[in-house]
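Content type PDB, C-alpha atoms, pLDDT in the B column, from the file model.pdb:
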```
ATOM      1  CA  GLU A   7     -84.454  53.147 -67.178  1.00 58.00           C
ATOM      2  CA  GLY A   8     -87.493  50.972 -66.523  1.00 61.00           C
ATOM      3  CA  ASP A   9     -89.525  52.520 -69.342  1.00 78.00           C
ATOM      4  CA  THR A  10     -87.293  51.303 -72.178  1.00 87.00           C
ATOM      5  CA  PRO A  11     -87.460  47.747 -73.524  1.00 85.00           C
ATOM      6  CA  HIS A  12     -83.927  47.109 -72.222  1.00 82.00           C
ATOM      7  CA  GLY A  13     -84.800  48.529 -68.812  1.00 81.00           C
ATOM      8  CA  GLN A  14     -87.950  46.418 -68.643  1.00 88.00           C
ATOM      9  CA  LEU A  15     -85.937  43.302 -69.494  1.00 87.00           C
ATOM     10  CA  GLU A  16     -83.365  44.112 -66.794  1.00 88.00           C
ATOM     11  CA  ALA A  17     -86.110  44.700 -64.224  1.00 89.00           C
ATOM     12  CA  ARG A  18     -87.769  41.385 -65.128  1.00 92.00           C
ATOM     13  CA  GLU A  19     -84.440  39.517 -64.859  1.00 93.00           C
ATOM     14  CA  LEU A  20     -83.713  41.130 -61.500  1.00 93.00           C
ATOM     15  CA  GLY A  21     -87.170  40.134 -60.287  1.00 93.00           C
ATOM     16  CA  GLN A  22     -86.547  36.558 -61.395  1.00 96.00           C
ATOM     17  CA  ALA A  23     -83.203  36.502 -59.568  1.00 96.00           C
ATOM     18  CA  ILE A  24     -84.842  37.762 -56.366  1.00 96.00           C
ATOM     19  CA  SER A  25     -87.539  35.119 -56.752  1.00 96.00           C
ATOM     20  CA  ARG A  26     -84.896  32.376 -57.157  1.00 97.00           C
ATOM     21  CA  PHE A  27     -83.185  33.598 -54.015  1.00 97.00           C
ATOM     22  CA  LEU A  28     -86.409  33.655 -52.014  1.00 97.00           C
ATOM     23  CA  TRP A  29     -87.410  30.156 -53.145  1.00 97.00           C
ATOM     24  CA  SER A  30     -84.019  28.920 -51.917  1.00 97.00           C
ATOM     25  CA  GLN A  31     -84.877  30.116 -48.402  1.00 97.00           C
ATOM     26  CA  LYS A  32     -86.786  28.155 -45.764  1.00 97.00           C
ATOM     27  CA  PRO A  33     -90.539  28.851 -45.895  1.00 97.00           C
ATOM     28  CA  PRO A  34     -90.712  30.901 -42.650  1.00 98.00           C
ATOM     29  CA  VAL A  35     -87.848  33.135 -43.809  1.00 98.00           C
ATOM     30  CA  ARG A  36     -89.455  33.596 -47.221  1.00 97.00           C
ATOM     31  CA  THR A  37     -92.836  34.344 -45.627  1.00 97.00           C
ATOM     32  CA  VAL A  38     -91.578  36.988 -43.203  1.00 98.00           C
ATOM     33  CA  PHE A  39     -89.464  38.626 -45.928  1.00 97.00           C
ATOM     34  CA  LEU A  40     -92.439  38.846 -48.289  1.00 97.00           C
ATOM     35  CA  ARG A  41     -94.770  40.110 -45.561  1.00 97.00           C
ATOM     36  CA  ARG A  42     -92.303  42.882 -44.750  1.00 97.00           C
ATOM     37  CA  TYR A  43     -91.117  43.916 -48.208  1.00 96.00           C
ATOM     38  CA  TRP A  44     -93.884  42.846 -50.624  1.00 95.00           C
ATOM     39  CA  TYR A  45     -96.989  43.393 -48.490  1.00 96.00           C
ATOM     40  CA  ALA A  46     -95.357  46.267 -46.569  1.00 97.00           C
ATOM     41  CA  ASP A  47     -96.261  44.920 -43.140  1.00 97.00           C
ATOM     42  CA  ARG A  48     -94.633  46.707 -40.235  1.00 98.00           C
ATOM     43  CA  VAL A  49     -92.022  44.577 -38.472  1.00 98.00           C
ATOM     44  CA  GLU A  50     -94.417  44.198 -35.555  1.00 98.00           C
ATOM     45  CA  GLN A  51     -97.157  42.907 -37.871  1.00 97.00           C
ATOM     46  CA  ALA A  52     -94.835  40.430 -39.559  1.00 97.00           C
ATOM     47  CA  ALA A  53     -93.584  39.224 -36.167  1.00 98.00           C
ATOM     48  CA  ALA A  54     -97.138  38.709 -34.903  1.00 98.00           C
ATOM     49  CA  HIS A  55     -98.080  36.817 -38.068  1.00 96.00           C
ATOM     50  CA  MET A  56     -95.106  34.493 -37.601  1.00 97.00           C
ATOM     51  CA  GLY A  57     -95.542  34.163 -33.841  1.00 98.00           C
ATOM     52  CA  TRP A  58     -92.001  35.517 -33.420  1.00 98.00           C
ATOM     53  CA  SER A  59     -90.591  38.252 -31.226  1.00 98.00           C
ATOM     54  CA  VAL A  60     -89.873  41.583 -32.893  1.00 98.00           C
ATOM     55  CA  SER A  61     -86.188  41.045 -32.100  1.00 98.00           C
ATOM     56  CA  LYS A  62     -86.083  37.672 -33.872  1.00 98.00           C
ATOM     57  CA  THR A  63     -87.961  39.110 -36.832  1.00 98.00           C
ATOM     58  CA  LYS A  64     -85.533  42.017 -37.177  1.00 98.00           C
ATOM     59  CA  THR A  65     -82.585  39.609 -37.002  1.00 98.00           C
ATOM     60  CA  VAL A  66     -84.031  37.274 -39.646  1.00 98.00           C
ATOM     61  CA  LEU A  67     -84.796  40.204 -41.951  1.00 98.00           C
ATOM     62  CA  PHE A  68     -81.312  41.684 -41.470  1.00 98.00           C
ATOM     63  CA  ARG A  69     -79.597  38.384 -42.250  1.00 98.00           C
ATOM     64  CA  THR A  70     -81.846  37.704 -45.229  1.00 98.00           C
ATOM     65  CA  ARG A  71     -81.194  41.155 -46.704  1.00 98.00           C
ATOM     66  CA  ASN A  72     -77.452  40.561 -46.359  1.00 98.00           C
ATOM     67  CA  GLN A  73     -77.740  37.136 -48.010  1.00 98.00           C
ATOM     68  CA  LEU A  74     -79.824  38.643 -50.822  1.00 97.00           C
ATOM     69  CA  ARG A  75     -77.246  41.380 -51.334  1.00 97.00           C
ATOM     70  CA  GLU A  76     -74.465  38.796 -51.611  1.00 97.00           C
ATOM     71  CA  PHE A  77     -76.576  36.635 -53.947  1.00 97.00           C
ATOM     72  CA  LEU A  78     -77.238  39.610 -56.231  1.00 96.00           C
ATOM     73  CA  ARG A  79     -73.548  40.507 -56.158  1.00 96.00           C
ATOM     74  CA  GLN A  80     -72.637  36.951 -57.228  1.00 96.00           C
ATOM     75  CA  GLU A  81     -75.280  37.078 -59.966  1.00 93.00           C
ATOM     76  CA  GLY A  82     -73.755  40.298 -61.301  1.00 92.00           C
ATOM     77  CA  TYR A  83     -76.554  42.688 -60.362  1.00 89.00           C
ATOM     78  CA  LEU A  84     -74.480  44.698 -57.854  1.00 87.00           C
TER      79      LEU A  84
END
```
Entire entry expressed as structure tokens:
Amino acid sequence: EGDTPHGQLEARELGQAISRFLWSQKPPVRTVFLRRYWYADRVEQAAAHMGWSVSKTKTVLFRTRNQLREFLRQEGYL
């Protein structure tokens, strides 16, 4: 539960883990991931911002999500 002190602490720690993961990525990967999932850009918008094709953008996002999932698993969050 996010509204208990323990839940708030867990949410903050998870956020810090995600931030560590993102800072370990190359800047273009981090940028497109944040545009898509933090700023809620459509894939097409994120691709245009990066100067990438939609296909490349989808591939980068897919791979990054999988890497994040594995990172969180190793960190004990999943």
Q.
When the PyMOL selection byres ((chain A and resi 40-48) around 12) is applied to the structure above, which residues does it catch, written out as a PyMOL selection string?
A. chain A and resi 24-25+28-29+31+33-39+49-56+60+63-64+66-68+70-71
Store the residues of this selection in a file with C-alpha atoms, as a compact mmCIF listing (two decimals), keeping the file's coordinate frame.
```txt
# COMPACT_ATOMS: atom_id res chain seq x y z
CA ILE A 24 -84.84 37.76 -56.37
CA SER A 25 -87.54 35.12 -56.75
CA LEU A 28 -86.41 33.66 -52.01
CA TRP A 29 -87.41 30.16 -53.14
CA GLN A 31 -84.88 30.12 -48.40
CA PRO A 33 -90.54 28.85 -45.90
CA PRO A 34 -90.71 30.90 -42.65
CA VAL A 35 -87.85 33.14 -43.81
CA ARG A 36 -89.46 33.60 -47.22
CA THR A 37 -92.84 34.34 -45.63
CA VAL A 38 -91.58 36.99 -43.20
CA PHE A 39 -89.46 38.63 -45.93
CA VAL A 49 -92.02 44.58 -38.47
CA GLU A 50 -94.42 44.20 -35.56
CA GLN A 51 -97.16 42.91 -37.87
CA ALA A 52 -94.84 40.43 -39.56
CA ALA A 53 -93.58 39.22 -36.17
CA ALA A 54 -97.14 38.71 -34.90
CA HIS A 55 -98.08 36.82 -38.07
CA MET A 56 -95.11 34.49 -37.60
CA VAL A 60 -89.87 41.58 -32.89
CA THR A 63 -87.96 39.11 -36.83
CA LYS A 64 -85.53 42.02 -37.18
CA VAL A 66 -84.03 37.27 -39.65
CA LEU A 67 -84.80 40.20 -41.95
CA PHE A 68 -81.31 41.68 -41.47
CA THR A 70 -81.85 37.70 -45.23
CA ARG A 71 -81.19 41.16 -46.70
```
Please put the answer as lines of an AutoDock Vina configuration file: centre and edge lengths, in Å with one decimal, of a box along x, y and z that encloses all listed atoms of region 50-60 of chain A plus 5 Å on each side.
```
center_x = -94.0
center_y = 39.2
center_z = -35.4
size_x = 18.2
size_y = 20.0
size_z = 18.3
```
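Note that the spacing between CA of Phe77 (chain A) and CA of Leu20 (chain A) amounts to 11.3 Å.
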If we count only C-alpha atoms, what is near region 79-82 of chain A at a cut-off of 12 Å, once residues fewer than 6 positions away on the same chain are taken out, given as a PDB file with C-alpha atoms, in the frame of the given file?
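The result, written out as out-v7.pdb:
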```pdb
ATOM      1  CA  GLU A  16     -83.365  44.112 -66.794  1.00 88.00           C
ATOM      2  CA  GLU A  19     -84.440  39.517 -64.859  1.00 93.00           C
ATOM      3  CA  LEU A  20     -83.713  41.130 -61.500  1.00 93.00           C
ATOM      4  CA  GLN A  22     -86.547  36.558 -61.395  1.00 96.00           C
ATOM      5  CA  ALA A  23     -83.203  36.502 -59.568  1.00 96.00           C
ATOM      6  CA  ILE A  24     -84.842  37.762 -56.366  1.00 96.00           C
ATOM      7  CA  ARG A  26     -84.896  32.376 -57.157  1.00 97.00           C
ATOM      8  CA  PHE A  27     -83.185  33.598 -54.015  1.00 97.00           C
ATOM      9  CA  ASN A  72     -77.452  40.561 -46.359  1.00 98.00           C
ATOM     10  CA  GLN A  73     -77.740  37.136 -48.010  1.00 98.00           C
TER      11      GLN A  73
END
```
Review point. What is the distance between CA of Thr65 (chain A) and CA of Lys32 (chain A), in Å to one decimal?
Key: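 According to the coordinates, CA of Thr65 (chain A) and CA of Lys32 (chain A) are separated by 15.0 Å.
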Correct to one decimal, the distance CA of Gly21 (chain A)-CA of Arg75 (chain A) is 13.4 Å
Is it possible to produce a file of region 66-80 of chain A from this structure, with N, CA and C atoms, as a PDB file, in the first residue's frame?
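Written file, result.pdb:
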```pdb
ATOM      1  N   VAL A  66      13.900  -0.633 -29.318  1.00  0.00           N
ATOM      2  CA  VAL A  66      14.683  -0.119 -28.187  1.00  0.00           C
ATOM      3  C   VAL A  66      13.854  -0.152 -26.911  1.00  0.00           C
ATOM      4  N   LEU A  67      12.595   0.266 -26.991  1.00  0.00           N
ATOM      5  CA  LEU A  67      11.733   0.256 -25.813  1.00  0.00           C
ATOM      6  C   LEU A  67      11.490  -1.168 -25.310  1.00  0.00           C
ATOM      7  N   PHE A  68      11.261  -2.099 -26.220  1.00  0.00           N
ATOM      8  CA  PHE A  68      11.036  -3.495 -25.848  1.00  0.00           C
ATOM      9  C   PHE A  68      12.257  -4.058 -25.119  1.00  0.00           C
ATOM     10  N   ARG A  69      13.429  -3.850 -25.698  1.00  0.00           N
ATOM     11  CA  ARG A  69      14.655  -4.364 -25.082  1.00  0.00           C
ATOM     12  C   ARG A  69      14.932  -3.705 -23.737  1.00  0.00           C
ATOM     13  N   THR A  70      14.674  -2.413 -23.644  1.00  0.00           N
ATOM     14  CA  THR A  70      14.923  -1.701 -22.393  1.00  0.00           C
ATOM     15  C   THR A  70      13.967  -2.166 -21.309  1.00  0.00           C
ATOM     16  N   ARG A  71      12.707  -2.374 -21.653  1.00  0.00           N
ATOM     17  CA  ARG A  71      11.748  -2.906 -20.668  1.00  0.00           C
ATOM     18  C   ARG A  71      12.198  -4.264 -20.159  1.00  0.00           C
ATOM     19  N   ASN A  72      12.671  -5.126 -21.070  1.00  0.00           N
ATOM     20  CA  ASN A  72      13.135  -6.448 -20.658  1.00  0.00           C
ATOM     21  C   ASN A  72      14.361  -6.349 -19.755  1.00  0.00           C
ATOM     22  N   GLN A  73      15.277  -5.452 -20.080  1.00  0.00           N
ATOM     23  CA  GLN A  73      16.465  -5.250 -19.240  1.00  0.00           C
ATOM     24  C   GLN A  73      16.065  -4.702 -17.873  1.00  0.00           C
ATOM     25  N   LEU A  74      15.107  -3.779 -17.847  1.00  0.00           N
ATOM     26  CA  LEU A  74      14.630  -3.233 -16.578  1.00  0.00           C
ATOM     27  C   LEU A  74      13.981  -4.324 -15.745  1.00  0.00           C
ATOM     28  N   ARG A  75      13.178  -5.163 -16.371  1.00  0.00           N
ATOM     29  CA  ARG A  75      12.542  -6.263 -15.650  1.00  0.00           C
ATOM     30  C   ARG A  75      13.587  -7.173 -15.014  1.00  0.00           C
ATOM     31  N   GLU A  76      14.620  -7.516 -15.767  1.00  0.00           N
ATOM     32  CA  GLU A  76      15.680  -8.377 -15.233  1.00  0.00           C
ATOM     33  C   GLU A  76      16.442  -7.672 -14.117  1.00  0.00           C
ATOM     34  N   PHE A  77      16.724  -6.386 -14.285  1.00  0.00           N
ATOM     35  CA  PHE A  77      17.401  -5.602 -13.252  1.00  0.00           C
ATOM     36  C   PHE A  77      16.585  -5.609 -11.963  1.00  0.00           C
ATOM     37  N   LEU A  78      15.279  -5.365 -12.076  1.00  0.00           N
ATOM     38  CA  LEU A  78      14.428  -5.339 -10.885  1.00  0.00           C
ATOM     39  C   LEU A  78      14.333  -6.719 -10.245  1.00  0.00           C
ATOM     40  N   ARG A  79      14.358  -7.757 -11.057  1.00  0.00           N
ATOM     41  CA  ARG A  79      14.359  -9.119 -10.527  1.00  0.00           C
ATOM     42  C   ARG A  79      15.633  -9.356  -9.717  1.00  0.00           C
ATOM     43  N   GLN A  80      16.779  -8.955 -10.272  1.00  0.00           N
ATOM     44  CA  GLN A  80      18.060  -9.122  -9.570  1.00  0.00           C
ATOM     45  C   GLN A  80      18.132  -8.302  -8.291  1.00  0.00           C
TER      46      GLN A  80
END
```
